[in-house]
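File shown: run.cif (mmCIF, N, CA and C atoms).
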```cif
data_my_file
loop_
_atom_site.label_atom_id
_atom_site.label_comp_id
_atom_site.auth_asym_id
_atom_site.auth_seq_id
_atom_site.Cartn_x
_atom_site.Cartn_y
_atom_site.Cartn_z
N MET A 204 0.82 -1.20 0.00
CA MET A 204 0.00 0.00 0.00
C MET A 204 0.86 1.26 0.00
N GLY A 205 2.01 1.21 0.63
CA GLY A 205 2.82 2.39 0.77
C GLY A 205 3.46 2.86 -0.53
N ARG A 206 3.74 1.93 -1.46
CA ARG A 206 4.42 2.30 -2.69
C ARG A 206 3.47 2.27 -3.87
N LEU A 207 2.23 2.54 -3.66
CA LEU A 207 1.21 2.39 -4.69
C LEU A 207 1.40 3.36 -5.85
N HIS A 208 1.71 4.61 -5.57
CA HIS A 208 1.77 5.63 -6.61
C HIS A 208 3.20 6.02 -6.98
N THR A 209 4.19 5.16 -6.72
CA THR A 209 5.56 5.49 -7.05
C THR A 209 6.17 4.37 -7.89
N HIS A 210 7.33 4.64 -8.43
CA HIS A 210 8.04 3.65 -9.22
C HIS A 210 9.14 2.97 -8.40
N ASN A 211 9.26 3.33 -7.14
CA ASN A 211 10.32 2.78 -6.29
C ASN A 211 9.93 1.39 -5.79
N HIS A 212 10.93 0.58 -5.56
CA HIS A 212 10.66 -0.75 -5.03
C HIS A 212 10.77 -0.80 -3.52
N GLY A 213 11.49 0.09 -2.90
CA GLY A 213 11.57 0.15 -1.45
C GLY A 213 12.21 -1.07 -0.81
N LYS A 214 13.48 -1.31 -1.07
CA LYS A 214 14.16 -2.49 -0.56
C LYS A 214 14.70 -2.29 0.86
N SER A 215 14.67 -1.09 1.39
CA SER A 215 15.28 -0.83 2.68
C SER A 215 14.30 -1.16 3.80
N HIS A 216 14.54 -2.25 4.49
CA HIS A 216 13.73 -2.64 5.65
C HIS A 216 14.48 -3.71 6.42
N SER A 217 14.05 -3.96 7.63
CA SER A 217 14.69 -5.02 8.41
C SER A 217 14.18 -6.36 7.91
N THR A 218 15.01 -7.37 8.01
CA THR A 218 14.62 -8.69 7.52
C THR A 218 14.03 -9.50 8.66
N ARG A 219 12.99 -10.24 8.34
CA ARG A 219 12.35 -11.09 9.34
C ARG A 219 13.19 -12.35 9.54
N PRO A 220 13.06 -12.98 10.70
CA PRO A 220 13.78 -14.23 10.92
C PRO A 220 13.38 -15.28 9.88
N VAL A 221 14.35 -16.06 9.42
CA VAL A 221 14.10 -17.05 8.38
C VAL A 221 13.31 -18.22 8.94
N ASP A 222 13.69 -18.67 10.12
CA ASP A 222 13.09 -19.86 10.70
C ASP A 222 11.86 -19.48 11.51
N LEU A 223 10.72 -20.08 11.21
CA LEU A 223 9.48 -19.74 11.91
C LEU A 223 9.18 -20.73 13.03
N LYS A 224 10.16 -20.97 13.89
CA LYS A 224 9.92 -21.78 15.08
C LYS A 224 10.38 -20.99 16.29
N LYS A 225 9.98 -21.43 17.46
CA LYS A 225 10.30 -20.71 18.68
C LYS A 225 11.81 -20.71 18.91
N PRO A 226 12.42 -19.53 19.09
CA PRO A 226 13.85 -19.48 19.33
C PRO A 226 14.20 -20.10 20.69
N SER A 227 15.38 -20.64 20.80
CA SER A 227 15.79 -21.32 22.03
C SER A 227 16.05 -20.34 23.18
N TRP A 228 16.35 -19.08 22.87
CA TRP A 228 16.69 -18.12 23.94
C TRP A 228 15.47 -17.46 24.57
N VAL A 229 14.28 -17.67 24.03
CA VAL A 229 13.08 -17.08 24.61
C VAL A 229 12.68 -17.88 25.83
N THR A 230 12.71 -17.24 27.00
CA THR A 230 12.42 -17.94 28.25
C THR A 230 10.99 -17.72 28.72
N GLN A 231 10.30 -16.73 28.17
CA GLN A 231 8.95 -16.43 28.61
C GLN A 231 7.97 -17.48 28.06
N SER A 232 6.94 -17.73 28.83
CA SER A 232 5.89 -18.64 28.37
C SER A 232 4.93 -17.88 27.46
N PRO A 233 4.15 -18.58 26.65
CA PRO A 233 3.17 -17.89 25.81
C PRO A 233 2.19 -17.03 26.61
N LYS A 234 1.81 -17.49 27.80
CA LYS A 234 0.89 -16.71 28.64
C LYS A 234 1.54 -15.39 29.07
N GLU A 235 2.81 -15.44 29.45
CA GLU A 235 3.51 -14.22 29.86
C GLU A 235 3.62 -13.23 28.70
N ILE A 236 3.89 -13.75 27.51
CA ILE A 236 4.01 -12.89 26.34
C ILE A 236 2.67 -12.24 26.03
N GLU A 237 1.58 -13.00 26.12
CA GLU A 237 0.25 -12.41 25.90
C GLU A 237 -0.04 -11.32 26.93
N GLU A 238 0.34 -11.54 28.18
CA GLU A 238 0.13 -10.53 29.22
C GLU A 238 0.91 -9.26 28.93
N MET A 239 2.15 -9.41 28.42
CA MET A 239 2.94 -8.23 28.05
C MET A 239 2.27 -7.47 26.90
N ILE A 240 1.77 -8.20 25.92
CA ILE A 240 1.11 -7.57 24.78
C ILE A 240 -0.11 -6.79 25.24
N VAL A 241 -0.91 -7.39 26.13
CA VAL A 241 -2.12 -6.71 26.63
C VAL A 241 -1.74 -5.49 27.45
N LYS A 242 -0.69 -5.62 28.27
CA LYS A 242 -0.25 -4.48 29.09
C LYS A 242 0.19 -3.31 28.21
N TYR A 243 0.99 -3.61 27.17
CA TYR A 243 1.44 -2.55 26.28
C TYR A 243 0.27 -1.98 25.47
N GLY A 244 -0.68 -2.82 25.13
CA GLY A 244 -1.87 -2.36 24.41
C GLY A 244 -2.69 -1.40 25.25
N LYS A 245 -2.81 -1.70 26.54
CA LYS A 245 -3.57 -0.81 27.43
C LYS A 245 -2.84 0.49 27.68
N ASP A 246 -1.51 0.47 27.50
CA ASP A 246 -0.73 1.71 27.61
C ASP A 246 -0.91 2.60 26.39
N GLY A 247 -1.58 2.07 25.34
CA GLY A 247 -1.86 2.87 24.16
C GLY A 247 -0.89 2.66 23.00
N LEU A 248 -0.05 1.65 23.08
CA LEU A 248 0.89 1.41 21.98
C LEU A 248 0.20 0.66 20.85
N PRO A 249 0.48 1.04 19.61
CA PRO A 249 -0.07 0.29 18.47
C PRO A 249 0.67 -1.04 18.30
N PRO A 250 0.10 -1.99 17.55
CA PRO A 250 0.73 -3.30 17.40
C PRO A 250 2.17 -3.27 16.88
N SER A 251 2.49 -2.37 15.96
CA SER A 251 3.86 -2.33 15.45
C SER A 251 4.85 -1.91 16.53
N MET A 252 4.47 -0.97 17.38
CA MET A 252 5.36 -0.54 18.46
C MET A 252 5.49 -1.62 19.53
N ILE A 253 4.41 -2.37 19.75
CA ILE A 253 4.48 -3.48 20.70
C ILE A 253 5.48 -4.52 20.20
N GLY A 254 5.44 -4.83 18.91
CA GLY A 254 6.38 -5.78 18.33
C GLY A 254 7.81 -5.30 18.46
N ILE A 255 8.05 -4.02 18.24
CA ILE A 255 9.40 -3.46 18.36
C ILE A 255 9.87 -3.53 19.80
N LYS A 256 8.96 -3.22 20.73
CA LYS A 256 9.31 -3.25 22.15
C LYS A 256 9.64 -4.68 22.60
N LEU A 257 8.85 -5.65 22.15
CA LEU A 257 9.13 -7.04 22.49
C LEU A 257 10.46 -7.49 21.89
N ARG A 258 10.74 -7.05 20.67
CA ARG A 258 11.98 -7.43 20.02
C ARG A 258 13.20 -6.82 20.71
N ASP A 259 13.12 -5.53 21.03
CA ASP A 259 14.29 -4.83 21.55
C ASP A 259 14.51 -5.04 23.05
N GLN A 260 13.43 -5.06 23.83
CA GLN A 260 13.60 -5.14 25.28
C GLN A 260 13.51 -6.55 25.83
N HIS A 261 12.77 -7.42 25.15
CA HIS A 261 12.55 -8.76 25.70
C HIS A 261 13.14 -9.87 24.82
N ALA A 262 13.81 -9.52 23.73
CA ALA A 262 14.47 -10.47 22.82
C ALA A 262 13.50 -11.51 22.26
N ILE A 263 12.31 -11.06 21.88
CA ILE A 263 11.33 -11.93 21.24
C ILE A 263 11.23 -11.49 19.79
N PRO A 264 11.84 -12.22 18.85
CA PRO A 264 11.88 -11.74 17.46
C PRO A 264 10.52 -11.76 16.78
N LEU A 265 9.76 -12.81 16.94
CA LEU A 265 8.42 -12.90 16.38
C LEU A 265 7.49 -13.52 17.41
N VAL A 266 6.29 -12.99 17.51
CA VAL A 266 5.33 -13.48 18.49
C VAL A 266 4.55 -14.67 17.95
N LYS A 267 4.24 -14.65 16.67
CA LYS A 267 3.35 -15.65 16.09
C LYS A 267 3.83 -17.10 16.25
N PRO A 268 5.11 -17.42 16.03
CA PRO A 268 5.53 -18.81 16.22
C PRO A 268 5.45 -19.28 17.67
N ILE A 269 5.49 -18.35 18.61
CA ILE A 269 5.50 -18.73 20.02
C ILE A 269 4.09 -18.94 20.56
N ILE A 270 3.19 -17.99 20.25
CA ILE A 270 1.83 -18.10 20.81
C ILE A 270 0.78 -18.46 19.76
N ASN A 271 1.21 -18.66 18.51
CA ASN A 271 0.31 -19.04 17.40
C ASN A 271 -0.77 -18.01 17.13
N LYS A 272 -0.52 -16.76 17.48
CA LYS A 272 -1.43 -15.65 17.20
C LYS A 272 -0.58 -14.42 16.94
N GLY A 273 -1.14 -13.48 16.19
CA GLY A 273 -0.47 -12.22 15.97
C GLY A 273 -0.77 -11.24 17.09
N ILE A 274 -0.03 -10.15 17.13
CA ILE A 274 -0.22 -9.14 18.18
C ILE A 274 -1.60 -8.51 18.08
N ALA A 275 -2.03 -8.17 16.86
CA ALA A 275 -3.34 -7.54 16.69
C ALA A 275 -4.46 -8.49 17.12
N GLN A 276 -4.28 -9.78 16.87
CA GLN A 276 -5.30 -10.76 17.25
C GLN A 276 -5.40 -10.87 18.77
N VAL A 277 -4.27 -10.83 19.46
CA VAL A 277 -4.28 -10.87 20.92
C VAL A 277 -4.97 -9.63 21.47
N LEU A 278 -4.68 -8.47 20.88
CA LEU A 278 -5.32 -7.23 21.34
C LEU A 278 -6.83 -7.26 21.10
N ASP A 279 -7.26 -7.82 19.96
CA ASP A 279 -8.69 -7.92 19.68
C ASP A 279 -9.39 -8.83 20.68
N GLU A 280 -8.75 -9.94 21.02
CA GLU A 280 -9.36 -10.87 21.97
C GLU A 280 -9.53 -10.26 23.35
N ASN A 281 -8.63 -9.37 23.73
CA ASN A 281 -8.66 -8.75 25.05
C ASN A 281 -9.30 -7.36 25.04
N LYS A 282 -9.95 -7.01 23.94
CA LYS A 282 -10.70 -5.76 23.81
C LYS A 282 -9.85 -4.52 24.08
N SER A 283 -8.58 -4.57 23.69
CA SER A 283 -7.73 -3.39 23.87
C SER A 283 -7.16 -2.91 22.55
N SER A 284 -7.82 -3.25 21.45
CA SER A 284 -7.34 -2.78 20.14
C SER A 284 -7.91 -1.39 19.87
N GLN A 285 -7.32 -0.73 18.89
CA GLN A 285 -7.75 0.63 18.56
C GLN A 285 -9.03 0.59 17.73
N GLU A 286 -9.72 1.74 17.67
CA GLU A 286 -10.98 1.82 16.93
C GLU A 286 -10.76 1.60 15.44
N ILE A 287 -9.78 2.33 14.89
CA ILE A 287 -9.49 2.12 13.47
C ILE A 287 -8.10 1.49 13.37
N PRO A 288 -7.87 0.67 12.34
CA PRO A 288 -6.58 -0.01 12.21
C PRO A 288 -5.42 0.96 12.11
N GLU A 289 -4.26 0.46 12.53
CA GLU A 289 -3.08 1.31 12.62
C GLU A 289 -2.64 1.87 11.28
N ASP A 290 -2.67 1.06 10.22
CA ASP A 290 -2.21 1.56 8.93
C ASP A 290 -3.15 2.64 8.38
N LEU A 291 -4.45 2.46 8.57
CA LEU A 291 -5.41 3.49 8.14
C LEU A 291 -5.22 4.77 8.94
N ASN A 292 -4.99 4.63 10.24
CA ASN A 292 -4.78 5.80 11.09
C ASN A 292 -3.51 6.55 10.68
N ASN A 293 -2.44 5.82 10.33
CA ASN A 293 -1.20 6.48 9.90
C ASN A 293 -1.40 7.27 8.62
N ILE A 294 -2.15 6.71 7.68
CA ILE A 294 -2.38 7.42 6.42
C ILE A 294 -3.25 8.66 6.65
N VAL A 295 -4.25 8.54 7.52
CA VAL A 295 -5.11 9.69 7.84
C VAL A 295 -4.28 10.79 8.50
N MET A 296 -3.37 10.41 9.42
CA MET A 296 -2.53 11.41 10.08
C MET A 296 -1.58 12.08 9.07
N LYS A 297 -1.11 11.33 8.10
CA LYS A 297 -0.26 11.91 7.05
C LYS A 297 -1.05 12.92 6.23
N ALA A 298 -2.31 12.60 5.93
CA ALA A 298 -3.17 13.52 5.18
C ALA A 298 -3.43 14.79 5.98
N VAL A 299 -3.64 14.64 7.28
CA VAL A 299 -3.89 15.81 8.13
C VAL A 299 -2.66 16.72 8.17
N GLY A 300 -1.48 16.14 8.29
CA GLY A 300 -0.26 16.94 8.28
C GLY A 300 -0.08 17.68 6.98
N LEU A 301 -0.41 17.03 5.88
CA LEU A 301 -0.28 17.66 4.58
C LEU A 301 -1.31 18.78 4.40
N GLN A 302 -2.51 18.57 4.94
CA GLN A 302 -3.53 19.62 4.87
C GLN A 302 -3.09 20.85 5.65
N ASN A 303 -2.49 20.63 6.82
CA ASN A 303 -2.00 21.76 7.60
C ASN A 303 -0.89 22.49 6.85
N HIS A 304 -0.05 21.76 6.16
CA HIS A 304 1.01 22.38 5.36
C HIS A 304 0.41 23.21 4.23
N LEU A 305 -0.63 22.66 3.59
CA LEU A 305 -1.22 23.35 2.45
C LEU A 305 -2.03 24.58 2.85
N LYS A 306 -2.44 24.68 4.11
CA LYS A 306 -3.13 25.89 4.58
C LYS A 306 -2.19 27.09 4.54
N SER A 307 -0.93 26.86 4.90
CA SER A 307 0.01 27.99 4.91
C SER A 307 0.77 28.11 3.59
N ASN A 308 0.75 27.07 2.76
CA ASN A 308 1.45 27.10 1.48
C ASN A 308 0.48 26.73 0.36
N ARG A 309 -0.37 27.65 0.02
CA ARG A 309 -1.46 27.36 -0.92
C ARG A 309 -0.99 27.06 -2.34
N ASN A 310 0.15 27.57 -2.75
CA ASN A 310 0.62 27.36 -4.11
C ASN A 310 1.52 26.13 -4.26
N ASP A 311 1.58 25.30 -3.26
CA ASP A 311 2.41 24.09 -3.32
C ASP A 311 1.66 23.00 -4.09
N ASN A 312 1.77 23.07 -5.42
CA ASN A 312 0.98 22.18 -6.27
C ASN A 312 1.44 20.72 -6.19
N ARG A 313 2.71 20.50 -5.95
CA ARG A 313 3.19 19.12 -5.84
C ARG A 313 2.56 18.43 -4.63
N ASN A 314 2.47 19.13 -3.54
CA ASN A 314 1.87 18.51 -2.36
C ASN A 314 0.35 18.48 -2.43
N THR A 315 -0.23 19.31 -3.26
CA THR A 315 -1.68 19.18 -3.50
C THR A 315 -1.96 17.85 -4.19
N ARG A 316 -1.14 17.52 -5.16
CA ARG A 316 -1.28 16.22 -5.83
C ARG A 316 -0.98 15.08 -4.87
N SER A 317 0.01 15.26 -4.02
CA SER A 317 0.35 14.24 -3.03
C SER A 317 -0.81 14.00 -2.07
N LEU A 318 -1.50 15.07 -1.68
CA LEU A 318 -2.67 14.92 -0.81
C LEU A 318 -3.76 14.13 -1.52
N GLU A 319 -3.96 14.39 -2.80
CA GLU A 319 -4.97 13.62 -3.55
C GLU A 319 -4.64 12.13 -3.55
N LEU A 320 -3.36 11.80 -3.74
CA LEU A 320 -2.94 10.40 -3.76
C LEU A 320 -3.11 9.75 -2.40
N ILE A 321 -2.78 10.48 -1.34
CA ILE A 321 -2.93 9.95 0.01
C ILE A 321 -4.40 9.71 0.33
N GLU A 322 -5.25 10.65 -0.07
CA GLU A 322 -6.68 10.47 0.19
C GLU A 322 -7.25 9.30 -0.62
N ALA A 323 -6.71 9.05 -1.80
CA ALA A 323 -7.12 7.88 -2.57
C ALA A 323 -6.76 6.60 -1.83
N LYS A 324 -5.58 6.58 -1.20
CA LYS A 324 -5.19 5.43 -0.39
C LYS A 324 -6.13 5.23 0.79
N VAL A 325 -6.51 6.34 1.43
CA VAL A 325 -7.42 6.26 2.57
C VAL A 325 -8.74 5.63 2.13
N HIS A 326 -9.28 6.10 1.03
CA HIS A 326 -10.56 5.58 0.55
C HIS A 326 -10.44 4.11 0.16
N ARG A 327 -9.36 3.73 -0.51
CA ARG A 327 -9.18 2.34 -0.92
C ARG A 327 -9.04 1.42 0.28
N LEU A 328 -8.28 1.84 1.27
CA LEU A 328 -8.09 1.03 2.46
C LEU A 328 -9.37 0.96 3.29
N SER A 329 -10.13 2.04 3.34
CA SER A 329 -11.37 2.02 4.11
C SER A 329 -12.40 1.09 3.47
N VAL A 330 -12.43 1.00 2.16
CA VAL A 330 -13.34 0.07 1.50
C VAL A 330 -12.99 -1.36 1.91
N TYR A 331 -11.70 -1.67 1.95
CA TYR A 331 -11.28 -3.02 2.35
C TYR A 331 -11.67 -3.31 3.79
N TYR A 332 -11.41 -2.38 4.70
CA TYR A 332 -11.72 -2.62 6.10
C TYR A 332 -13.23 -2.68 6.36
N LYS A 333 -14.01 -1.94 5.59
CA LYS A 333 -15.47 -2.06 5.70
C LYS A 333 -15.92 -3.43 5.24
N LYS A 334 -15.29 -3.94 4.18
CA LYS A 334 -15.67 -5.24 3.63
C LYS A 334 -15.41 -6.37 4.63
N ILE A 335 -14.28 -6.30 5.34
CA ILE A 335 -13.96 -7.37 6.28
C ILE A 335 -14.55 -7.12 7.66
N GLY A 336 -15.19 -5.98 7.87
CA GLY A 336 -15.86 -5.68 9.13
C GLY A 336 -14.96 -5.12 10.21
N ARG A 337 -13.80 -4.62 9.86
CA ARG A 337 -12.87 -4.07 10.86
C ARG A 337 -13.28 -2.67 11.31
N ILE A 338 -13.91 -1.91 10.41
CA ILE A 338 -14.46 -0.59 10.77
C ILE A 338 -15.94 -0.60 10.40
N PRO A 339 -16.74 0.27 11.02
CA PRO A 339 -18.18 0.29 10.70
C PRO A 339 -18.45 0.67 9.25
N LYS A 340 -19.55 0.18 8.71
CA LYS A 340 -19.92 0.47 7.32
C LYS A 340 -20.20 1.95 7.11
N THR A 341 -20.51 2.66 8.19
CA THR A 341 -20.84 4.08 8.08
C THR A 341 -19.62 4.99 8.20
N TRP A 342 -18.43 4.41 8.46
CA TRP A 342 -17.23 5.22 8.61
C TRP A 342 -16.90 5.89 7.29
N LYS A 343 -16.60 7.18 7.36
CA LYS A 343 -16.27 7.92 6.15
C LYS A 343 -15.16 8.90 6.47
N TYR A 344 -14.20 8.98 5.56
CA TYR A 344 -13.10 9.92 5.72
C TYR A 344 -13.54 11.28 5.26
N LYS A 345 -13.45 12.26 6.14
CA LYS A 345 -13.70 13.65 5.78
C LYS A 345 -12.51 14.45 6.29
N SER A 346 -11.96 15.29 5.46
CA SER A 346 -10.75 16.01 5.82
C SER A 346 -10.96 16.91 7.03
N VAL A 347 -12.13 17.51 7.16
CA VAL A 347 -12.38 18.41 8.29
C VAL A 347 -12.45 17.60 9.59
N VAL A 348 -13.11 16.46 9.56
CA VAL A 348 -13.24 15.62 10.75
C VAL A 348 -11.87 15.05 11.12
N ALA A 349 -11.07 14.67 10.14
CA ALA A 349 -9.76 14.10 10.40
C ALA A 349 -8.84 15.09 11.11
N GLN A 350 -8.99 16.38 10.80
CA GLN A 350 -8.14 17.38 11.43
C GLN A 350 -8.48 17.54 12.91
N LEU A 351 -9.72 17.27 13.29
CA LEU A 351 -10.14 17.43 14.66
C LEU A 351 -9.64 16.30 15.56
N GLU A 352 -9.40 15.13 14.99
CA GLU A 352 -9.00 13.97 15.81
C GLU A 352 -7.56 13.99 16.17
#
```
Step by step, read the file and then write its structure as structure tokens.
Amino acid sequence: MGRLHTHNHGKSHSTRPVDLKKPSWVTQSPKEIEEMIVKYGKDGLPPSMIGIKLRDQHAIPLVKPIINKGIAQVLDENKSSQEIPEDLNNIVMKAVGLQNHLKSNRNDNRNTRSLELIEAKVHRLSVYYKKIGRIPKTWKYKSVVAQLE
């Protein structure tokens, strides 16, 4: 979704572990890991930040091979997930930042086009999330409402 309107391939990222089995150095039980995920979720961290925190502070490279569930699934089960999905929220926040920029720089035509592309991504992603039931069918992106949140 991130490289939809560009010609770049975006090869710069961290590599996931090759082996999808529980690492030998992980000493925590699956129950303890789920409790950590729920605790971080209640602190307001999104799933990607929870994964980074588990990786960096607790030496857990991937959660799924250990507890057979993803971080977002654990948060959903414990009713501590966010209202709208993290990727949709990030794109909406990017659009809001660009709108604020365009208020003070009205002749910035390149970023006007960039805002149109970002809003197209928001609409495309919202259609998908409505289809799978992750957000309500009545949810609608409006630039004025997005700026208030």
Please provide the set of residues having any atom within 7 Å of Ile321 (chain A), restricted to only C-alpha atoms, with same-chain residues fewer than 4 positions apart removed, written as a ChimeraX atom specification. /A:294,298,317,325
Same residues, N, CA and C atoms, saved as an mmCIF file, keeping the file's coordinate frame:
```cif
data_model
loop_
_atom_site.group_PDB
_atom_site.id
_atom_site.type_symbol
_atom_site.label_atom_id
_atom_site.label_comp_id
_atom_site.auth_asym_id
_atom_site.auth_seq_id
_atom_site.Cartn_x
_atom_site.Cartn_y
_atom_site.Cartn_z
ATOM 1 N N ILE A 294 -2.150 6.710 7.680
ATOM 2 C CA ILE A 294 -2.380 7.420 6.420
ATOM 3 C C ILE A 294 -3.250 8.660 6.650
ATOM 4 N N ALA A 298 -2.310 12.600 5.930
ATOM 5 C CA ALA A 298 -3.170 13.520 5.180
ATOM 6 C C ALA A 298 -3.430 14.790 5.980
ATOM 7 N N SER A 317 0.010 15.260 -4.020
ATOM 8 C CA SER A 317 0.350 14.240 -3.030
ATOM 9 C C SER A 317 -0.810 14.000 -2.070
ATOM 10 N N VAL A 325 -6.510 6.340 1.430
ATOM 11 C CA VAL A 325 -7.420 6.260 2.570
ATOM 12 C C VAL A 325 -8.740 5.630 2.130
#
```
Pull the helix (DSSP H, G or I) assignments for chain A out of DSSP run on the backbone, and list those residues as JSON, numbers by chain. {"A": [233, 234, 235, 236, 237, 238, 239, 240, 241, 242, 243, 244, 245, 250, 251, 252, 253, 254, 255, 256, 257, 258, 259, 260, 261, 267, 268, 269, 270, 274, 275, 276, 277, 278, 279, 280, 289, 290, 291, 292, 293, 294, 295, 296, 297, 298, 299, 300, 301, 302, 303, 304, 305, 306, 307, 312, 313, 314, 315, 316, 317, 318, 319, 320, 321, 322, 323, 324, 325, 326, 327, 328, 329, 330, 331, 332, 333, 334, 335, 346, 347, 348, 349, 350, 351]}
Please evaluate the PyMOL selection byres (((chain A and resi 283 and name CA) around 12) and name CA) against the structure above and give the resulting residues as JSON, numbers by chain. {"A": [238, 240, 241, 242, 243, 244, 245, 246, 247, 248, 249, 250, 274, 275, 276, 277, 278, 279, 280, 281, 282, 284, 285, 286, 287]}
Gap from CA of Asn211 (chain A) to CA of Pro264 (chain A) - Å, one decimal: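 If I compute the distance from CA of Asn211 (chain A) to CA of Pro264 (chain A), I get 27.9 Å.
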Atom C of Pro288 (chain A) sits from atom C of Arg337 (chain A) at a separation of 8.7 Å
Suppose you want the space between atom N of Trp342 (chain A) and CA of Asn303 (chain A); what is it in Å?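 Separation between atom N of Trp342 (chain A) and CA of Asn303 (chain A): 23.9 Å.
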Applying 12 Å and only C-alpha atoms, which residues near region 267-271 of chain A remain after dropping the ones on its own chain fewer than 3 positions away? List them as JSON, numbers by chain. {"A": [220, 221, 222, 223, 224, 225, 226, 227, 228, 229, 230, 231, 232, 233, 234, 235, 236, 237, 238, 240, 254, 263, 264, 274, 275, 276, 277]}
Edge lengths and centre in Å, axis-aligned, region 335-342 of chain A plus 3 Å each side, as JSON:
```
{"center_x": -16.9, "center_y": -0.7, "center_z": 8.3, "size_x": 14.0, "size_y": 19.3, "size_z": 12.0}
```
As a PDB file, in the frame of the given file, the rebuilt region 289-295 of chain A with all heavy atoms:
```
ATOM      1  N   GLU A 289      -4.260   0.460  12.530  1.00  0.00           N
ATOM      2  CA  GLU A 289      -3.080   1.310  12.620  1.00  0.00           C
ATOM      3  C   GLU A 289      -2.640   1.870  11.280  1.00  0.00           C
ATOM      4  O   GLU A 289      -2.301   3.057  11.178  1.00  0.00           O
ATOM      5  CB  GLU A 289      -1.939   0.479  13.231  1.00  0.00           C
ATOM      6  CG  GLU A 289      -0.666   1.242  13.405  1.00  0.00           C
ATOM      7  CD  GLU A 289       0.451   0.377  13.928  1.00  0.00           C
ATOM      8  OE1 GLU A 289       0.280  -0.842  14.034  1.00  0.00           O
ATOM      9  OE2 GLU A 289       1.515   0.947  14.207  1.00  0.00           O
ATOM     10  N   ASP A 290      -2.670   1.060  10.220  1.00  0.00           N
ATOM     11  CA  ASP A 290      -2.210   1.560   8.930  1.00  0.00           C
ATOM     12  C   ASP A 290      -3.150   2.640   8.380  1.00  0.00           C
ATOM     13  O   ASP A 290      -2.703   3.639   7.828  1.00  0.00           O
ATOM     14  CB  ASP A 290      -2.033   0.426   7.926  1.00  0.00           C
ATOM     15  CG  ASP A 290      -3.254  -0.444   7.766  1.00  0.00           C
ATOM     16  OD1 ASP A 290      -4.215  -0.280   8.543  1.00  0.00           O
ATOM     17  OD2 ASP A 290      -3.256  -1.299   6.869  1.00  0.00           O
ATOM     18  N   LEU A 291      -4.450   2.460   8.570  1.00  0.00           N
ATOM     19  CA  LEU A 291      -5.410   3.490   8.140  1.00  0.00           C
ATOM     20  C   LEU A 291      -5.220   4.770   8.940  1.00  0.00           C
ATOM     21  O   LEU A 291      -5.239   5.872   8.391  1.00  0.00           O
ATOM     22  CB  LEU A 291      -6.835   2.953   8.277  1.00  0.00           C
ATOM     23  CG  LEU A 291      -7.961   3.872   7.842  1.00  0.00           C
ATOM     24  CD1 LEU A 291      -7.828   4.227   6.367  1.00  0.00           C
ATOM     25  CD2 LEU A 291      -9.310   3.229   8.105  1.00  0.00           C
ATOM     26  N   ASN A 292      -4.990   4.630  10.240  1.00  0.00           N
ATOM     27  CA  ASN A 292      -4.780   5.800  11.090  1.00  0.00           C
ATOM     28  C   ASN A 292      -3.510   6.550  10.680  1.00  0.00           C
ATOM     29  O   ASN A 292      -3.492   7.782  10.650  1.00  0.00           O
ATOM     30  CB  ASN A 292      -4.682   5.360  12.554  1.00  0.00           C
ATOM     31  CG  ASN A 292      -4.679   6.531  13.497  1.00  0.00           C
ATOM     32  OD1 ASN A 292      -5.313   7.548  13.254  1.00  0.00           O
ATOM     33  ND2 ASN A 292      -3.957   6.406  14.587  1.00  0.00           N
ATOM     34  N   ASN A 293      -2.440   5.820  10.330  1.00  0.00           N
ATOM     35  CA  ASN A 293      -1.200   6.480   9.900  1.00  0.00           C
ATOM     36  C   ASN A 293      -1.400   7.270   8.620  1.00  0.00           C
ATOM     37  O   ASN A 293      -0.884   8.381   8.482  1.00  0.00           O
ATOM     38  CB  ASN A 293      -0.096   5.436   9.707  1.00  0.00           C
ATOM     39  CG  ASN A 293       0.375   4.847  11.004  1.00  0.00           C
ATOM     40  OD1 ASN A 293       0.145   5.403  12.075  1.00  0.00           O
ATOM     41  ND2 ASN A 293       1.021   3.708  10.932  1.00  0.00           N
ATOM     42  N   ILE A 294      -2.150   6.710   7.680  1.00  0.00           N
ATOM     43  CA  ILE A 294      -2.380   7.420   6.420  1.00  0.00           C
ATOM     44  C   ILE A 294      -3.250   8.660   6.650  1.00  0.00           C
ATOM     45  O   ILE A 294      -3.012   9.712   6.066  1.00  0.00           O
ATOM     46  CB  ILE A 294      -2.997   6.469   5.372  1.00  0.00           C
ATOM     47  CG1 ILE A 294      -2.012   5.364   5.032  1.00  0.00           C
ATOM     48  CG2 ILE A 294      -3.363   7.228   4.109  1.00  0.00           C
ATOM     49  CD1 ILE A 294      -2.571   4.304   4.120  1.00  0.00           C
ATOM     50  N   VAL A 295      -4.250   8.540   7.520  1.00  0.00           N
ATOM     51  CA  VAL A 295      -5.110   9.690   7.840  1.00  0.00           C
ATOM     52  C   VAL A 295      -4.280  10.790   8.500  1.00  0.00           C
ATOM     53  O   VAL A 295      -4.425  11.976   8.173  1.00  0.00           O
ATOM     54  CB  VAL A 295      -6.295   9.263   8.728  1.00  0.00           C
ATOM     55  CG1 VAL A 295      -7.012  10.464   9.302  1.00  0.00           C
ATOM     56  CG2 VAL A 295      -7.257   8.403   7.932  1.00  0.00           C
TER      57      VAL A 295
END
```
